[in-house]
Amino acid sequence: MKSSQLFTRTRKQAPADETSKNAQLLIRAGFVHKEMAGVYAYLPLGLRVIENIKTIVREEMNTINSNELIMTGLQRKEVWDKTGRWNDDVVDVWFKSKLKDGTEVGFGWSHEEPIVEMIKQHINSYKDLPVSLYQFQTKLRNELRAKSGIMRGREFVMKDMYSFHNSAEELEDYYNLAIEAYKRVFNRLGIGKDTYVTFASGGAFTKFSHEFQTICEAGEDVIYLHRGKNIAINEEVIDDAVKELGIKREDLEKVNTAETGNIFNFGSQKADEIGLKVSGPDDKEQSVYLGSYGIGITRVMGVIAEKMSDDKGLVWPENVAPFKVYLASLGDNEQVTKAADELYALLQKNNIETLYDDRSVRPGEKFADADLMGIPHRIVISEKTIQAGTLEYKSRTGTDTKMITKQELLEILG
RNA sequence: CGGGGAUUGGCGCAGUUGGCUAGCGCGCGCGGUUUGGGACCGCGAGGUCGAAGGUUCGAGUCCUUUAUCCCCGACCA
């Protein structure tokens with residue numbers, strides 16, 4: 001992509017109505033546009049990041065044999081009535097509306113009930129199980145207070161996955177597979193070492209559920225870490241967990257975190273409530289066990305922006321960066337343009353996502369934009385580099401530039 | 001939902017005890033000089049001061065109501 005064709009604009013100053021680091025940087029760098037409190041549009045650069053995150057998640061969910069689908073944004077009241085969760089006193093984040101004929105509908109804040117209802121038409125026998133389904137969906141939640149930029153919005157993208165099983169044991173096995181898949185996701189996203197599988201309140205079916213908590217100052221959660229034993233416990237359940245796990249409170253370190261993922265074991269209760277049953281091998285009706293697994297896609301993006309930045313701007317990990325290379329040509333010079341065009345073509349040929357800054361603006365502006373956008377690798381082509389017969393390379397995180405050859409560049413970009 | 005703060009061109013801000021055609025910087029357009037870390041000079045476009053009502057000879061400045069945004073708390077399936 002050439003900068004001259006990219007729909008984006010960077011700013012020197014952050015808007016006054018944003019104080020969170022992620023929103024300030026993402027807006028300044030042209031990744032998102034704020035529509036209203038807690039509601040953000042994703043501009044071309046931001047969308048690239050979202051898609052990169054989704055690709056990683058998608059690959060890992062496919063690895064554990066989950067099937068991608070996409071459910072509806074509008075939902076039926078009847079489905080939620082079955083579990084009592086249409087009630088605003090039970091779920092206070094509902095956005096609701098009515099059809100022209102008066103029929104009540106809700107805007108999906110979760111898809112747990114609807115997917116169980118839907119599955120009833122597709123699953124009849126124990127032989128149809130297990131099955132796992134996932135989607136990337138825009139969830140709508142009427143939060144009392146949106147905050148922290150894109151980390152807690154009223155509209156956000158979530159990957160939600162649901163697995164259906166014949167027994168508690170089978171669900172447990174899959175649940176553990178999902179934990180491993182999630183760990184791979186967070187590693188690939190570049191926040192693995194700061195993300196902890198955390199004991200959290202489990203509700204009616206299990207004593208604890210698991211949250212994936214990523215250390216982040218701007219996060220809303222507090223967890224206690226036992227680094228030695230690699231145990232993490234949400235503040236909510238600290239007393240019970242300490243007792244249960246036989247560890248000492250004094251050995252725990254208190255940290256702020258953002259909940260980037262969450263997995264739940266629903267047992268058979270939800271399927272029972274909604275009336276999802278299958279025929280068993282003994283020709284008797286049997287219960288279906290449900291697991292639910294979420295990753296906040298846009299929140300993860302916010303957390304990465306929050307954690308990985310410096311005074312010059314964003315610093316994306318390679319796997320999520322909107323472009324891998326920022327190619328800047330300096331000076332309106334035919335030779336320079338020709339050399340930059342050629343290198344751009346070479347990078348494209350090698351499938352290396354490159355943002356080619358072909359604008360006729362001063363060097364400082366190009367460098368500032370490259371840094372602000374957080375592109376991992378920067379290449380400069382100028383009269384100097386042409387005379388030297390090399391390229392100038394700098395990594396976003398490094399402080400020095402170095403002269404390299406095209407071959408060396410391709411090796412760096414692996 | 002409780003508490004605190006804010007709202008003036010696209011963005012960031014100033015605007016004295018109410019007083020003249022509402023300013024500045026960035027950005028934008030045109031012309032020129034520049035070209036290795038967001039250049040400089042000149043010219044120019046763009047706001048009715050969040051909204052509604054009120055006080056006054058006169059309101060961006062005072063009063064009332066209201067909307068929106070941010071922060072703290074509460075909430076977070």
# chains A, B, ... in the order shown; residues from 1 in each chain; ligands from 1

$ residues_around --residues "segment 48-65 of chain B" --least-positions-apart "6" --cutoff "10 Å" --atoms "only C-alpha atoms (C1' of nucleotides)" --output "list in words"
U7, U8, G15, G18, G19 and A22 of chain B

$ residues_around --residues "Glu78 of chain A" --least-positions-apart "5" --cutoff "10 Å" --atoms "only C-alpha atoms (C1' of nucleotides)" --output "MDAnalysis selection string"
chainID A and resid 83:84 86 104:105 114

$ residues_around --residues "Gln335 of chain A" --least-positions-apart "3" --cutoff "9 Å" --atoms "only C-alpha atoms (C1' of nucleotides)" --output "JSON, numbers by chain"
{"A": [332, 338, 339, 340, 382, 383, 386]}

$ closest_atom_pairs --of "segment 159-277 of chain A" --to "segment 118-130 of chain A" --cutoff "8 Å" --atoms "only C-alpha atoms" --output "tab-separated table"
residue	atom	partner	partner_atom	distance
A:Ser163	CA	A:Pro130	CA	7.2
A:Phe164	CA	A:Pro130	CA	5.5
A:His165	CA	A:Pro130	CA	4.7
A:Asn166	CA	A:Tyr126	CA	6.3
A:Gly275	CA	A:Lys120	CA	7.9
A:Leu276	CA	A:Lys120	CA	5.6
A:Lys277	CA	A:Asn124	CA	7.3

$ write_last_selection --atoms "C-alpha atoms" --output "compact mmCIF listing (two decimals), in the first residue's frame"
# COMPACT_ATOMS: atom_id res chain seq x y z
CA SER A 163 -18.62 -26.40 22.57
CA PHE A 164 -21.25 -29.09 23.08
CA HIS A 165 -20.52 -32.46 24.65
CA ASN A 166 -22.00 -35.76 25.73
CA GLY A 275 -34.33 -27.77 26.02
CA LEU A 276 -31.36 -29.05 24.08
CA LYS A 277 -31.17 -32.84 24.52

$ closest_atom_pairs --of "chain A" --to "chain B" --cutoff "9 Å" --atoms "only C-alpha atoms (C1' of nucleotides)" --output "Markdown table"
| residue | atom | partner | partner_atom | distance |
| --- | --- | --- | --- | --- |
| A:Arg11 | CA | B:C11 | C1' | 7.9 |
| A:Lys12 | CA | B:G38 | C1' | 7.7 |
| A:Gln13 | CA | B:G12 | C1' | 6.6 |
| A:Ala14 | CA | B:C11 | C1' | 8.0 |
| A:Pro15 | CA | B:C11 | C1' | 6.8 |
| A:Ala16 | CA | B:G12 | C1' | 7.6 |
| A:Asp17 | CA | B:C70 | C1' | 5.6 |
| A:Glu18 | CA | B:C70 | C1' | 6.6 |
| A:Thr19 | CA | B:C70 | C1' | 7.2 |
| A:Met36 | CA | B:C69 | C1' | 8.5 |
| A:Ala37 | CA | B:C69 | C1' | 7.2 |
| A:Val90 | CA | B:A77 | C1' | 8.7 |
| A:Val91 | CA | B:A77 | C1' | 7.3 |
| A:Glu143 | CA | B:C76 | C1' | 8.5 |
| A:Leu144 | CA | B:C75 | C1' | 7.6 |
| A:Arg145 | CA | B:C75 | C1' | 8.8 |
| A:Lys147 | CA | B:C70 | C1' | 8.8 |
| A:Leu330 | CA | B:G36 | C1' | 7.9 |
| A:Gly331 | CA | B:U35 | C1' | 6.4 |
| A:Asp332 | CA | B:U35 | C1' | 8.6 |
| A:Val361 | CA | B:U35 | C1' | 8.3 |
| A:Arg362 | CA | B:U35 | C1' | 5.9 |
| A:Pro363 | CA | B:G36 | C1' | 6.0 |
| A:Gly364 | CA | B:G37 | C1' | 4.0 |
| A:Glu365 | CA | B:G38 | C1' | 4.4 |
| A:Lys366 | CA | B:G38 | C1' | 8.1 |
| A:Phe367 | CA | B:G37 | C1' | 6.3 |
| A:Ala368 | CA | B:G38 | C1' | 6.2 |
| A:Asp369 | CA | B:G38 | C1' | 8.3 |
| A:Ser382 | CA | B:G36 | C1' | 8.7 |

$ write_last_selection --atoms "C-alpha atoms" --output "PDB file, in the first residue's frame"
ATOM      1  CA  ARG A  11      -2.145  14.082  14.198  1.00  0.00           C
ATOM      2  CA  LYS A  12       0.391  15.694  16.424  1.00  0.00           C
ATOM      3  CA  GLN A  13      -2.032  16.209  19.259  1.00  0.00           C
ATOM      4  CA  ALA A  14      -4.428  13.846  20.918  1.00  0.00           C
ATOM      5  CA  PRO A  15      -8.055  14.872  21.294  1.00  0.00           C
ATOM      6  CA  ALA A  16      -8.810  16.462  24.637  1.00  0.00           C
ATOM      7  CA  ASP A  17     -11.672  14.117  25.416  1.00  0.00           C
ATOM      8  CA  GLU A  18      -9.489  11.028  25.509  1.00  0.00           C
ATOM      9  CA  THR A  19      -7.175  10.391  28.394  1.00  0.00           C
ATOM     10  CA  MET A  36     -19.444   8.373  20.646  1.00  0.00           C
ATOM     11  CA  ALA A  37     -18.484   7.296  24.138  1.00  0.00           C
ATOM     12  CA  VAL A  90     -30.892  -9.771  35.600  1.00  0.00           C
ATOM     13  CA  VAL A  91     -28.962  -8.430  32.603  1.00  0.00           C
ATOM     14  CA  GLU A 143     -22.746  -0.179  29.666  1.00  0.00           C
ATOM     15  CA  LEU A 144     -23.485   2.362  32.348  1.00  0.00           C
ATOM     16  CA  ARG A 145     -20.076   3.788  31.823  1.00  0.00           C
ATOM     17  CA  LYS A 147     -14.109   3.829  29.689  1.00  0.00           C
ATOM     18  CA  LEU A 330      13.457  10.755   0.719  1.00  0.00           C
ATOM     19  CA  GLY A 331      13.563  13.640  -1.709  1.00  0.00           C
ATOM     20  CA  ASP A 332      11.928  14.262  -5.055  1.00  0.00           C
ATOM     21  CA  VAL A 361       6.838  15.520   2.430  1.00  0.00           C
ATOM     22  CA  ARG A 362       9.912  16.182   4.473  1.00  0.00           C
ATOM     23  CA  PRO A 363      11.865  13.299   5.987  1.00  0.00           C
ATOM     24  CA  GLY A 364      10.989  14.176   9.548  1.00  0.00           C
ATOM     25  CA  GLU A 365       7.319  13.822   8.813  1.00  0.00           C
ATOM     26  CA  LYS A 366       7.816  10.365   7.325  1.00  0.00           C
ATOM     27  CA  PHE A 367       9.911   9.218  10.265  1.00  0.00           C
ATOM     28  CA  ALA A 368       7.438  10.610  12.752  1.00  0.00           C
ATOM     29  CA  ASP A 369       4.555   8.815  11.041  1.00  0.00           C
ATOM     30  CA  SER A 382      17.652   8.338  -0.404  1.00  0.00           C
TER      31      SER A 382
END

$ atom_distance --atom1 "atom C1' of G3 of chain B" --atom2 "atom CA of Leu140 of chain A"
27.4 Å

$ select_by_dssp --residues "segment 29-245 of chain A" --states "strand (DSSP E or B)" --output "VMD selection string"
chain A and resid 32 to 36 39 to 42 67 to 68 74 to 76 95 to 98 104 to 107 125 131 to 140 147 152 155 to 165 195 to 201 208 to 215 221 to 226 231 to 234

$ select_by_dssp --residues "segment 20-113 of chain A" --states "helix (DSSP H, G or I)" --output "PyMOL selection string"
chain A and resi 21-28+44-63+77-81+112-113

$ residues_around --residues "Lys96 of chain A" --least-positions-apart "5" --cutoff "12 Å" --atoms "only C-alpha atoms (C1' of nucleotides)" --output "JSON, numbers by chain"
{"A": [73, 74, 75, 76, 77, 86, 87, 88, 91, 102, 103, 104, 105, 106, 107, 108, 109, 140, 141, 142]}

$ residues_around --residues "Ile231 of chain A" --least-positions-apart "4" --cutoff "10 Å" --atoms "only C-alpha atoms (C1' of nucleotides)" --output "list of chain:residue names"
A:Tyr196, A:Val197, A:Thr198, A:Phe199, A:Tyr224, A:Leu225, A:His226, A:Arg227, A:Leu245, A:Ile247, A:Leu252

$ write_last_selection --atoms "N, CA and C atoms" --output "PDB file, in the first residue's frame"
ATOM      1  N   TYR A 196      -2.037 -14.390  32.110  1.00  0.00           N
ATOM      2  CA  TYR A 196      -2.119 -15.486  33.056  1.00  0.00           C
ATOM      3  C   TYR A 196      -3.489 -16.156  33.047  1.00  0.00           C
ATOM      4  N   VAL A 197      -3.456 -17.474  33.068  1.00  0.00           N
ATOM      5  CA  VAL A 197      -4.694 -18.222  33.254  1.00  0.00           C
ATOM      6  C   VAL A 197      -5.051 -18.041  34.720  1.00  0.00           C
ATOM      7  N   THR A 198      -6.196 -17.410  34.943  1.00  0.00           N
ATOM      8  CA  THR A 198      -6.508 -16.938  36.280  1.00  0.00           C
ATOM      9  C   THR A 198      -7.763 -17.589  36.844  1.00  0.00           C
ATOM     10  N   PHE A 199      -7.688 -17.988  38.083  1.00  0.00           N
ATOM     11  CA  PHE A 199      -8.883 -18.524  38.744  1.00  0.00           C
ATOM     12  C   PHE A 199      -9.863 -17.385  38.994  1.00  0.00           C
ATOM     13  N   TYR A 224      -3.977 -11.674  41.866  1.00  0.00           N
ATOM     14  CA  TYR A 224      -2.834 -11.990  42.703  1.00  0.00           C
ATOM     15  C   TYR A 224      -2.025 -13.078  42.023  1.00  0.00           C
ATOM     16  N   LEU A 225      -0.734 -12.812  41.900  1.00  0.00           N
ATOM     17  CA  LEU A 225       0.147 -13.709  41.164  1.00  0.00           C
ATOM     18  C   LEU A 225       1.070 -14.458  42.093  1.00  0.00           C
ATOM     19  N   HIS A 226       1.225 -15.744  41.826  1.00  0.00           N
ATOM     20  CA  HIS A 226       2.276 -16.518  42.480  1.00  0.00           C
ATOM     21  C   HIS A 226       3.232 -16.896  41.374  1.00  0.00           C
ATOM     22  N   ARG A 227       4.278 -16.084  41.208  1.00  0.00           N
ATOM     23  CA  ARG A 227       5.157 -16.281  40.056  1.00  0.00           C
ATOM     24  C   ARG A 227       5.882 -17.622  40.119  1.00  0.00           C
ATOM     25  N   LEU A 245      -6.186 -23.894  47.162  1.00  0.00           N
ATOM     26  CA  LEU A 245      -4.932 -24.220  46.482  1.00  0.00           C
ATOM     27  C   LEU A 245      -3.779 -24.416  47.456  1.00  0.00           C
ATOM     28  N   ILE A 247      -1.979 -22.203  49.243  1.00  0.00           N
ATOM     29  CA  ILE A 247      -0.834 -21.315  49.107  1.00  0.00           C
ATOM     30  C   ILE A 247      -0.944 -20.187  50.116  1.00  0.00           C
ATOM     31  N   LEU A 252       1.871 -13.869  47.376  1.00  0.00           N
ATOM     32  CA  LEU A 252       1.202 -13.385  46.171  1.00  0.00           C
ATOM     33  C   LEU A 252       1.495 -11.921  45.901  1.00  0.00           C
TER      34      LEU A 252
END
